[in-house]
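Visitor: File follows, final-v5.pdb with PDB, C-alpha atoms, pLDDT in the B column:
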ATOM      1  CA  ASN A 846      20.190 -19.392  10.626  1.00 79.00           C
ATOM      2  CA  ALA A 847      22.010 -16.580   8.874  1.00 86.00           C
ATOM      3  CA  GLY A 848      19.297 -14.110   9.940  1.00 95.00           C
ATOM      4  CA  VAL A 849      19.135 -11.018   7.733  1.00 97.00           C
ATOM      5  CA  THR A 850      21.895 -10.623   5.172  1.00 98.00           C
ATOM      6  CA  GLN A 851      22.697  -7.646   2.976  1.00 98.00           C
ATOM      7  CA  THR A 852      25.013  -7.161   0.025  1.00 98.00           C
ATOM      8  CA  PRO A 853      27.145  -5.291  -0.737  1.00 98.00           C
ATOM      9  CA  LYS A 854      28.646  -3.918   2.511  1.00 97.00           C
ATOM     10  CA  PHE A 855      30.110  -0.879   0.770  1.00 97.00           C
ATOM     11  CA  GLN A 856      29.345   0.764  -2.560  1.00 97.00           C
ATOM     12  CA  VAL A 857      30.440   3.913  -4.365  1.00 98.00           C
ATOM     13  CA  LEU A 858      28.288   5.187  -7.217  1.00 97.00           C
ATOM     14  CA  LYS A 859      28.484   8.110  -9.563  1.00 98.00           C
ATOM     15  CA  THR A 860      25.504  10.454  -9.876  1.00 98.00           C
ATOM     16  CA  GLY A 861      22.957   8.999 -12.278  1.00 98.00           C
ATOM     17  CA  GLN A 862      24.029   5.371 -11.920  1.00 98.00           C
ATOM     18  CA  SER A 863      21.540   2.747 -10.809  1.00 97.00           C
ATOM     19  CA  MET A 864      22.049  -0.246  -8.566  1.00 97.00           C
ATOM     20  CA  THR A 865      20.248  -2.800  -6.414  1.00 98.00           C
ATOM     21  CA  LEU A 866      20.888  -3.424  -2.738  1.00 98.00           C
ATOM     22  CA  GLN A 867      20.163  -7.031  -1.854  1.00 98.00           C
ATOM     23  CA  CYS A 868      18.435  -8.219   1.303  1.00 98.00           C
ATOM     24  CA  ALA A 869      17.513 -11.750   2.298  1.00 98.00           C
ATOM     25  CA  GLN A 870      16.206 -13.413   5.448  1.00 97.00           C
ATOM     26  CA  ASP A 871      15.878 -17.069   6.355  1.00 96.00           C
ATOM     27  CA  MET A 872      13.498 -16.744   9.309  1.00 94.00           C
ATOM     28  CA  ASN A 873      10.289 -16.984   7.283  1.00 93.00           C
ATOM     29  CA  HIS A 874       9.328 -13.463   8.353  1.00 93.00           C
ATOM     30  CA  GLU A 875       6.374 -11.889   6.579  1.00 91.00           C
ATOM     31  CA  TYR A 876       7.338  -8.274   7.249  1.00 92.00           C
ATOM     32  CA  MET A 877      10.423  -6.716   5.666  1.00 94.00           C
ATOM     33  CA  SER A 878      11.514  -3.109   5.440  1.00 95.00           C
ATOM     34  CA  TRP A 879      14.273  -0.794   4.296  1.00 97.00           C
ATOM     35  CA  TYR A 880      15.622   2.124   6.354  1.00 97.00           C
ATOM     36  CA  ARG A 881      18.228   4.727   5.712  1.00 98.00           C
ATOM     37  CA  GLN A 882      20.335   6.103   8.548  1.00 97.00           C
ATOM     38  CA  ASP A 883      21.766   9.602   8.386  1.00 94.00           C
ATOM     39  CA  PRO A 884      23.580  11.438  11.212  1.00 86.00           C
ATOM     40  CA  GLY A 885      21.152  13.137  13.586  1.00 84.00           C
ATOM     41  CA  MET A 886      18.075  11.789  11.785  1.00 86.00           C
ATOM     42  CA  GLY A 887      17.664   8.311  13.172  1.00 89.00           C
ATOM     43  CA  LEU A 888      16.298   5.536  11.005  1.00 95.00           C
ATOM     44  CA  ARG A 889      13.848   6.586   8.320  1.00 95.00           C
ATOM     45  CA  LEU A 890      11.584   4.074   6.609  1.00 94.00           C
ATOM     46  CA  ILE A 891      11.931   3.918   2.823  1.00 96.00           C
ATOM     47  CA  HIS A 892       9.639   1.034   1.798  1.00 96.00           C
ATOM     48  CA  TYR A 893       8.144  -1.974   3.491  1.00 93.00           C
ATOM     49  CA  SER A 894       6.382  -5.219   2.635  1.00 93.00           C
ATOM     50  CA  VAL A 895       3.876  -7.256   4.615  1.00 90.00           C
ATOM     51  CA  GLY A 896       4.247 -10.327   2.427  1.00 91.00           C
ATOM     52  CA  ALA A 897       5.224 -11.627  -0.996  1.00 93.00           C
ATOM     53  CA  GLY A 898       3.699  -9.473  -3.724  1.00 94.00           C
ATOM     54  CA  ILE A 899       2.781  -6.616  -1.351  1.00 93.00           C
ATOM     55  CA  THR A 900       4.846  -3.457  -0.918  1.00 95.00           C
ATOM     56  CA  ASP A 901       4.128   0.054   0.305  1.00 93.00           C
ATOM     57  CA  GLN A 902       5.856   3.363   0.750  1.00 94.00           C
ATOM     58  CA  GLY A 903       7.423   4.573   3.939  1.00 92.00           C
ATOM     59  CA  GLU A 904       8.531   8.023   5.008  1.00 91.00           C
ATOM     60  CA  VAL A 905      11.172   8.690   2.307  1.00 95.00           C
ATOM     61  CA  PRO A 906      10.349   6.580  -0.802  1.00 97.00           C
ATOM     62  CA  ASN A 907      11.353   8.977  -3.594  1.00 97.00           C
ATOM     63  CA  GLY A 908      14.171   7.676  -5.770  1.00 96.00           C
ATOM     64  CA  TYR A 909      13.787   4.070  -4.616  1.00 98.00           C
ATOM     65  CA  ASN A 910      11.870   1.037  -5.871  1.00 97.00           C
ATOM     66  CA  VAL A 911      11.228  -2.312  -4.216  1.00 98.00           C
ATOM     67  CA  SER A 912       9.668  -5.629  -5.096  1.00 96.00           C
ATOM     68  CA  ARG A 913       8.866  -8.757  -3.087  1.00 97.00           C
ATOM     69  CA  SER A 914       8.590 -11.805  -5.285  1.00 97.00           C
ATOM     70  CA  THR A 915       9.471 -14.270  -2.504  1.00 97.00           C
ATOM     71  CA  THR A 916       9.167 -14.286   1.284  1.00 95.00           C
ATOM     72  CA  GLU A 917      12.959 -14.381   1.618  1.00 97.00           C
ATOM     73  CA  ASP A 918      14.131 -11.534  -0.630  1.00 98.00           C
ATOM     74  CA  PHE A 919      13.444  -7.794  -0.611  1.00 98.00           C
ATOM     75  CA  PRO A 920      15.789  -5.878  -2.949  1.00 98.00           C
ATOM     76  CA  LEU A 921      15.996  -2.075  -2.959  1.00 98.00           C
ATOM     77  CA  ARG A 922      16.666  -0.381  -6.294  1.00 98.00           C
ATOM     78  CA  LEU A 923      18.143   3.078  -6.700  1.00 97.00           C
ATOM     79  CA  LEU A 924      16.889   4.314 -10.031  1.00 92.00           C
ATOM     80  CA  SER A 925      19.265   7.234 -10.671  1.00 97.00           C
ATOM     81  CA  ALA A 926      21.645   7.810  -7.768  1.00 97.00           C
ATOM     82  CA  ALA A 927      21.983  11.307  -6.294  1.00 97.00           C
ATOM     83  CA  PRO A 928      24.443  12.628  -3.674  1.00 97.00           C
ATOM     84  CA  SER A 929      21.465  13.015  -1.290  1.00 97.00           C
ATOM     85  CA  GLN A 930      21.202   9.225  -1.262  1.00 98.00           C
ATOM     86  CA  THR A 931      24.589   8.881   0.393  1.00 98.00           C
ATOM     87  CA  SER A 932      23.682   7.014   3.562  1.00 98.00           C
ATOM     88  CA  VAL A 933      23.804   3.745   5.452  1.00 98.00           C
ATOM     89  CA  TYR A 934      20.976   1.438   4.412  1.00 98.00           C
ATOM     90  CA  PHE A 935      19.543  -1.204   6.716  1.00 98.00           C
ATOM     91  CA  CYS A 936      17.156  -3.964   5.811  1.00 98.00           C
ATOM     92  CA  ALA A 937      15.021  -5.415   8.595  1.00 96.00           C
ATOM     93  CA  SER A 938      12.503  -8.184   9.024  1.00 95.00           C
ATOM     94  CA  SER A 939      10.033  -9.252  11.673  1.00 92.00           C
ATOM     95  CA  TYR A 940       7.512 -11.973  12.213  1.00 86.00           C
ATOM     96  CA  PHE A 941       4.545  -9.675  12.587  1.00 74.00           C
ATOM     97  CA  ARG A 942       4.245  -6.357  10.758  1.00 70.00           C
ATOM     98  CA  GLY A 943       5.970  -3.443  12.475  1.00 60.00           C
ATOM     99  CA  SER A 944       4.917  -4.291  16.003  1.00 68.00           C
ATOM    100  CA  ASP A 945       7.399  -6.977  16.759  1.00 80.00           C
ATOM    101  CA  GLU A 946      11.158  -7.205  17.174  1.00 89.00           C
ATOM    102  CA  GLN A 947      12.868  -5.976  14.036  1.00 92.00           C
ATOM    103  CA  TYR A 948      15.925  -8.016  13.029  1.00 95.00           C
ATOM    104  CA  PHE A 949      18.330  -5.781  11.168  1.00 97.00           C
ATOM    105  CA  GLY A 950      20.877  -6.723   8.560  1.00 98.00           C
ATOM    106  CA  PRO A 951      24.500  -5.546   8.851  1.00 98.00           C
ATOM    107  CA  GLY A 952      23.904  -2.514   6.634  1.00 98.00           C
ATOM    108  CA  THR A 953      25.214  -1.163   3.327  1.00 98.00           C
ATOM    109  CA  ARG A 954      27.264   2.031   3.306  1.00 97.00           C
ATOM    110  CA  LEU A 955      26.551   3.859   0.054  1.00 98.00           C
ATOM    111  CA  THR A 956      28.426   6.888  -1.220  1.00 97.00           C
ATOM    112  CA  VAL A 957      27.216   8.784  -4.283  1.00 98.00           C
ATOM    113  CA  THR A 958      29.736  11.159  -5.836  1.00 97.00           C
TER     114      THR A 958
ATOM    115  CA  GLY B 729       1.993  10.063  10.325  1.00 78.00           C
ATOM    116  CA  GLU B 730       3.644   9.380  13.652  1.00 86.00           C
ATOM    117  CA  ASN B 731       6.341  11.801  14.862  1.00 92.00           C
ATOM    118  CA  VAL B 732       8.748  10.632  17.552  1.00 96.00           C
ATOM    119  CA  GLU B 733      11.013  13.129  19.316  1.00 97.00           C
ATOM    120  CA  GLN B 734      13.941  11.969  21.447  1.00 97.00           C
ATOM    121  CA  HIS B 735      15.999  13.829  24.048  1.00 97.00           C
ATOM    122  CA  PRO B 736      18.787  14.388  24.758  1.00 98.00           C
ATOM    123  CA  SER B 737      20.795  13.875  21.585  1.00 97.00           C
ATOM    124  CA  THR B 738      23.951  13.179  23.593  1.00 97.00           C
ATOM    125  CA  LEU B 739      24.406  11.998  27.161  1.00 98.00           C
ATOM    126  CA  SER B 740      27.618  11.532  29.133  1.00 98.00           C
ATOM    127  CA  VAL B 741      27.475   9.722  32.457  1.00 98.00           C
ATOM    128  CA  GLN B 742      29.976   8.488  35.014  1.00 98.00           C
ATOM    129  CA  GLU B 743      30.282   4.733  35.265  1.00 98.00           C
ATOM    130  CA  GLY B 744      27.874   3.481  37.897  1.00 98.00           C
ATOM    131  CA  ASP B 745      25.461   6.398  37.521  1.00 98.00           C
ATOM    132  CA  SER B 746      22.038   6.193  35.882  1.00 98.00           C
ATOM    133  CA  ALA B 747      21.086   7.341  32.379  1.00 98.00           C
ATOM    134  CA  VAL B 748      17.627   8.454  31.292  1.00 98.00           C
ATOM    135  CA  ILE B 749      16.444   9.029  27.721  1.00 98.00           C
ATOM    136  CA  LYS B 750      13.010  10.479  26.983  1.00 98.00           C
ATOM    137  CA  CYS B 751      10.786  10.219  23.917  1.00 98.00           C
ATOM    138  CA  THR B 752       7.471  11.759  22.975  1.00 98.00           C
ATOM    139  CA  TYR B 753       5.099  10.600  20.258  1.00 97.00           C
ATOM    140  CA  SER B 754       2.322  12.393  18.431  1.00 95.00           C
ATOM    141  CA  ASP B 755      -0.274   9.741  17.547  1.00 91.00           C
ATOM    142  CA  SER B 756      -2.375   8.627  20.500  1.00 91.00           C
ATOM    143  CA  ALA B 757      -3.211   5.416  18.595  1.00 89.00           C
ATOM    144  CA  SER B 758       0.408   4.195  18.865  1.00 91.00           C
ATOM    145  CA  ASN B 759       0.603   1.218  21.190  1.00 90.00           C
ATOM    146  CA  TYR B 760       4.007  -0.414  20.711  1.00 91.00           C
ATOM    147  CA  PHE B 761       7.228   1.262  21.900  1.00 95.00           C
ATOM    148  CA  PRO B 762      10.562  -0.506  21.394  1.00 95.00           C
ATOM    149  CA  TRP B 763      14.086   0.655  22.229  1.00 98.00           C
ATOM    150  CA  TYR B 764      17.076  -0.258  20.071  1.00 98.00           C
ATOM    151  CA  LYS B 765      20.780  -0.082  20.866  1.00 98.00           C
ATOM    152  CA  GLN B 766      23.354   0.444  18.146  1.00 98.00           C
ATOM    153  CA  GLU B 767      27.033   0.023  18.915  1.00 97.00           C
ATOM    154  CA  LEU B 768      29.548   1.762  16.696  1.00 94.00           C
ATOM    155  CA  GLY B 769      29.613   0.196  13.236  1.00 93.00           C
ATOM    156  CA  LYS B 770      27.010  -2.407  14.150  1.00 96.00           C
ATOM    157  CA  ARG B 771      23.350  -2.991  13.390  1.00 97.00           C
ATOM    158  CA  PRO B 772      20.547  -1.809  15.739  1.00 97.00           C
ATOM    159  CA  GLN B 773      19.339  -4.468  18.172  1.00 97.00           C
ATOM    160  CA  LEU B 774      16.231  -4.533  20.316  1.00 96.00           C
ATOM    161  CA  ILE B 775      16.952  -4.178  24.041  1.00 97.00           C
ATOM    162  CA  ILE B 776      13.472  -3.749  25.486  1.00 97.00           C
ATOM    163  CA  ASP B 777       9.942  -2.939  24.363  1.00 95.00           C
ATOM    164  CA  ILE B 778       6.648  -2.009  25.998  1.00 94.00           C
ATOM    165  CA  ARG B 779       3.035  -2.129  24.873  1.00 91.00           C
ATOM    166  CA  SER B 780       0.372   0.378  25.827  1.00 85.00           C
ATOM    167  CA  ASN B 781      -1.399  -1.927  28.265  1.00 84.00           C
ATOM    168  CA  VAL B 782       1.683  -1.835  30.523  1.00 83.00           C
ATOM    169  CA  GLY B 783       3.057   1.174  32.416  1.00 91.00           C
ATOM    170  CA  GLU B 784       6.538  -0.123  33.207  1.00 95.00           C
ATOM    171  CA  LYS B 785       8.795  -2.993  32.223  1.00 95.00           C
ATOM    172  CA  LYS B 786      12.188  -4.011  33.620  1.00 97.00           C
ATOM    173  CA  ASP B 787      14.969  -6.254  32.413  1.00 95.00           C
ATOM    174  CA  GLN B 788      17.951  -6.331  34.766  1.00 96.00           C
ATOM    175  CA  ARG B 789      19.539  -2.839  34.631  1.00 97.00           C
ATOM    176  CA  ILE B 790      17.175  -1.547  31.963  1.00 98.00           C
ATOM    177  CA  ALA B 791      13.646  -0.264  32.467  1.00 98.00           C
ATOM    178  CA  VAL B 792      11.099   1.507  30.300  1.00 98.00           C
ATOM    179  CA  THR B 793       8.167   3.594  31.518  1.00 97.00           C
ATOM    180  CA  LEU B 794       5.167   4.717  29.499  1.00 97.00           C
ATOM    181  CA  ASN B 795       2.777   7.604  30.152  1.00 95.00           C
ATOM    182  CA  LYS B 796      -0.048   7.300  27.619  1.00 94.00           C
ATOM    183  CA  THR B 797      -1.817  10.427  28.798  1.00 94.00           C
ATOM    184  CA  ALA B 798       1.232  12.605  28.227  1.00 95.00           C
ATOM    185  CA  LYS B 799       2.322  10.538  25.194  1.00 96.00           C
ATOM    186  CA  HIS B 800       5.845   9.984  26.383  1.00 96.00           C
ATOM    187  CA  PHE B 801       8.040   7.049  27.316  1.00 97.00           C
ATOM    188  CA  SER B 802      11.495   6.786  28.826  1.00 98.00           C
ATOM    189  CA  LEU B 803      14.453   4.421  28.983  1.00 98.00           C
ATOM    190  CA  HIS B 804      16.291   4.091  32.287  1.00 98.00           C
ATOM    191  CA  ILE B 805      19.698   2.438  32.562  1.00 98.00           C
ATOM    192  CA  THR B 806      20.985   1.937  36.094  1.00 98.00           C
ATOM    193  CA  GLU B 807      24.546   1.210  37.236  1.00 98.00           C
ATOM    194  CA  THR B 808      25.926   2.126  33.826  1.00 98.00           C
ATOM    195  CA  GLN B 809      28.943   0.241  32.508  1.00 98.00           C
ATOM    196  CA  PRO B 810      31.372   1.005  29.657  1.00 97.00           C
ATOM    197  CA  GLU B 811      29.567  -1.506  27.416  1.00 97.00           C
ATOM    198  CA  ASP B 812      26.432   0.651  27.678  1.00 98.00           C
ATOM    199  CA  SER B 813      28.157   3.258  25.481  1.00 98.00           C
ATOM    200  CA  ALA B 814      26.171   3.262  22.225  1.00 98.00           C
ATOM    201  CA  VAL B 815      23.441   5.070  20.304  1.00 97.00           C
ATOM    202  CA  TYR B 816      19.943   4.368  21.598  1.00 98.00           C
ATOM    203  CA  PHE B 817      16.815   4.777  19.486  1.00 98.00           C
ATOM    204  CA  CYS B 818      13.220   4.866  20.634  1.00 97.00           C
ATOM    205  CA  ALA B 819      10.385   4.011  18.245  1.00 95.00           C
ATOM    206  CA  ALA B 820       6.604   3.843  18.072  1.00 94.00           C
ATOM    207  CA  SER B 821       4.036   2.030  15.967  1.00 88.00           C
ATOM    208  CA  MET B 822       0.400   0.974  15.941  1.00 81.00           C
ATOM    209  CA  THR B 823      -0.638  -2.651  16.069  1.00 71.00           C
ATOM    210  CA  GLY B 824      -3.959  -3.938  14.856  1.00 63.00           C
ATOM    211  CA  SER B 825      -4.164  -1.342  12.120  1.00 61.00           C
ATOM    212  CA  ASN B 826      -3.348  -1.158   8.438  1.00 64.00           C
ATOM    213  CA  ASP B 827      -0.414   1.143   9.189  1.00 65.00           C
ATOM    214  CA  TYR B 828       2.614  -1.103   9.623  1.00 73.00           C
ATOM    215  CA  LYS B 829       5.184   1.631   9.979  1.00 82.00           C
ATOM    216  CA  LEU B 830       7.665   1.829  12.828  1.00 87.00           C
ATOM    217  CA  SER B 831       8.755   5.457  13.422  1.00 91.00           C
ATOM    218  CA  PHE B 832      12.126   6.070  15.073  1.00 94.00           C
ATOM    219  CA  GLY B 833      13.463   8.936  17.120  1.00 95.00           C
ATOM    220  CA  ALA B 834      16.698  10.647  16.062  1.00 95.00           C
ATOM    221  CA  GLY B 835      18.810   8.749  18.580  1.00 96.00           C
ATOM    222  CA  THR B 836      20.792   9.453  21.757  1.00 97.00           C
ATOM    223  CA  THR B 837      24.538   8.912  21.884  1.00 97.00           C
ATOM    224  CA  VAL B 838      25.394   7.648  25.373  1.00 98.00           C
ATOM    225  CA  THR B 839      28.981   7.767  26.598  1.00 98.00           C
ATOM    226  CA  VAL B 840      29.873   6.093  29.889  1.00 98.00           C
ATOM    227  CA  ARG B 841      33.017   7.609  31.440  1.00 96.00           C
ATOM    228  CA  ALA B 842      35.265   5.272  33.399  1.00 92.00           C
TER     229      ALA B 842
END
Output the file's structure as structure tokens, nothing else.

Guide:
Amino acid sequence: NAGVTQTPKFQVLKTGQSMTLQCAQDMNHEYMSWYRQDPGMGLRLIHYSVGAGITDQGEVPNGYNVSRSTTEDFPLRLLSAAPSQTSVYFCASSYFRGSDEQYFGPGTRLTVT
Amino acid sequence: GENVEQHPSTLSVQEGDSAVIKCTYSDSASNYFPWYKQELGKRPQLIIDIRSNVGEKKDQRIAVTLNKTAKHFSLHITETQPEDSAVYFCAASMTGSNDYKLSFGAGTTVTVRA
């Protein structure tokens, strides 16, 4: 099993550009989520999904969109990048909602200039 | 929503000594409390977790204690080794509810001095 994979590993965007961060898992997990990690602020939940076709907002959803058309994939879209979105983004999945071990992807380091 | 506070933000210990990290949570309905370890440049990985029907859990040199009345839980690392140097995150969530969010603390950077 590859576990949770994310692409790209690094990305530089200009303010106003849009892009999609890809996340996939091959463990047949129902629950998937996106976090951003900023120094001194821990991991903050952006969006999550409890199954295909179901998504919901987390703690910091503004400026981001998600969709879940399949169990395996959970892409995160930045609609119009801003410098405040410079961060490390982690995708995670678990078998059961948020109350089980979260398996994290390797992360995407995004810089918005 | 749930608010998790974590202290200290940095911790330096001599190799072989113990390290203790403390977290408090705000929502008394939270009942799942995991701890994650993140080495430099790597992804967070679960090291131990505890549910609210248990007061203490151990796994080799790592232990977690939970005080539901005071709404706080702690991570204890004994006989620290250089490979314990990392950032540690506590988290809290509610099971059996419609709120599937896992809330993380801000993290503790642990440095083990040789």

Visitor: Which one is closest to chain B: A:Thr958, A:Gln856, A:Ser912, A:Thr850? Count all atoms listed in the file.

Guide: A:Thr850

Visitor: Between CA of Ala791 (chain B) and CA of Cys751 (chain B), what is the spacing in Å?

Guide: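 Distance between the two atoms: 13.8 Å.
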
Visitor: Do me a favour and pick out the residues of chain B within 8 Å of chain A, using all atoms listed in the file, as a list in words.

Guide: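 Here they are: Tyr760, Pro762, Lys770, Arg771, Pro772, Gln773, Leu774, Phe817, Ser821, Met822, Thr823, Tyr828, Lys829, Leu830, Ser831, Phe832, Gly833, Ala834 and Gly835 of chain B.
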
Visitor: Compute the distance from (20.1, 15.0, 21.7) to each atom, counting only C-alpha atoms, keep the residues with any atom at most 10 Å away, and return them as number ranges by chain; use the coordinates of the file.

Guide: A: 885; B: 733-739, 749-750, 834-838

Visitor: Given the point (13.1, -9.2, -0.5) in the file's coordinates, find the residues that have an atom at most 12 Å from it, counting only C-alpha atoms, and give them as an MDAnalysis selection string.

Guide: chainID A and resid 849:851 865:871 873:879 892:900 910:922 936:938

Visitor: What does the distance from CA of Gly783 (chain B) to CA of Phe801 (chain B) come to in Å, to one decimal?

Guide: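 Taking CA of Gly783 (chain B) as the start and CA of Phe801 (chain B) as the end point, the length is 9.2 Å.
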
Visitor: Which is closest to His804 (chain B) among B:Lys785, B:Ser780, B:Ala820, B:Val840, if we use all atoms listed in the file?

Guide: B:Lys785

Visitor: Give me, please, the distance in Å between CA of Glu730 (chain B) and CA of Tyr764 (chain B), quoted to one decimal.

Guide: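 Here the two named atoms are 17.7 Å from each other.
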
Visitor: Quick one: residues within 9 Å of region 926-932 of chain A, all atoms listed in the file counted, chain neighbours fewer than 4 positions away excluded, as a PyMOL selection string?

Guide: chain A and resi 858-864+881-884+908+953-958

Visitor: Excluding Val748 (chain B) and residues on its chain fewer than 6 positions from it, collect all residues at most 8 Å away from it, counting only C-alpha atoms, and give them as JSON, numbers by chain.

Guide: {"B": [802, 803, 804, 805]}

Visitor: Expand the PyMOL selection byres ((chain B and resi 795) around 10) into the explicit residue set it covers here, and present it as an NGL selection string.

Guide: :B and (752 or 780 or 782-784 or 793-794 or 796-802)

Visitor: Let me make sure I understand: among B:Ile776, B:Asn731, B:Glu807, B:Val741, which one has the smallest atom-to-atom distance to Asp755 (chain B) if we use all atoms listed in the file?

Guide: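 Using all atoms listed in the file, Asp755 (chain B) sits closest to B:Asn731.
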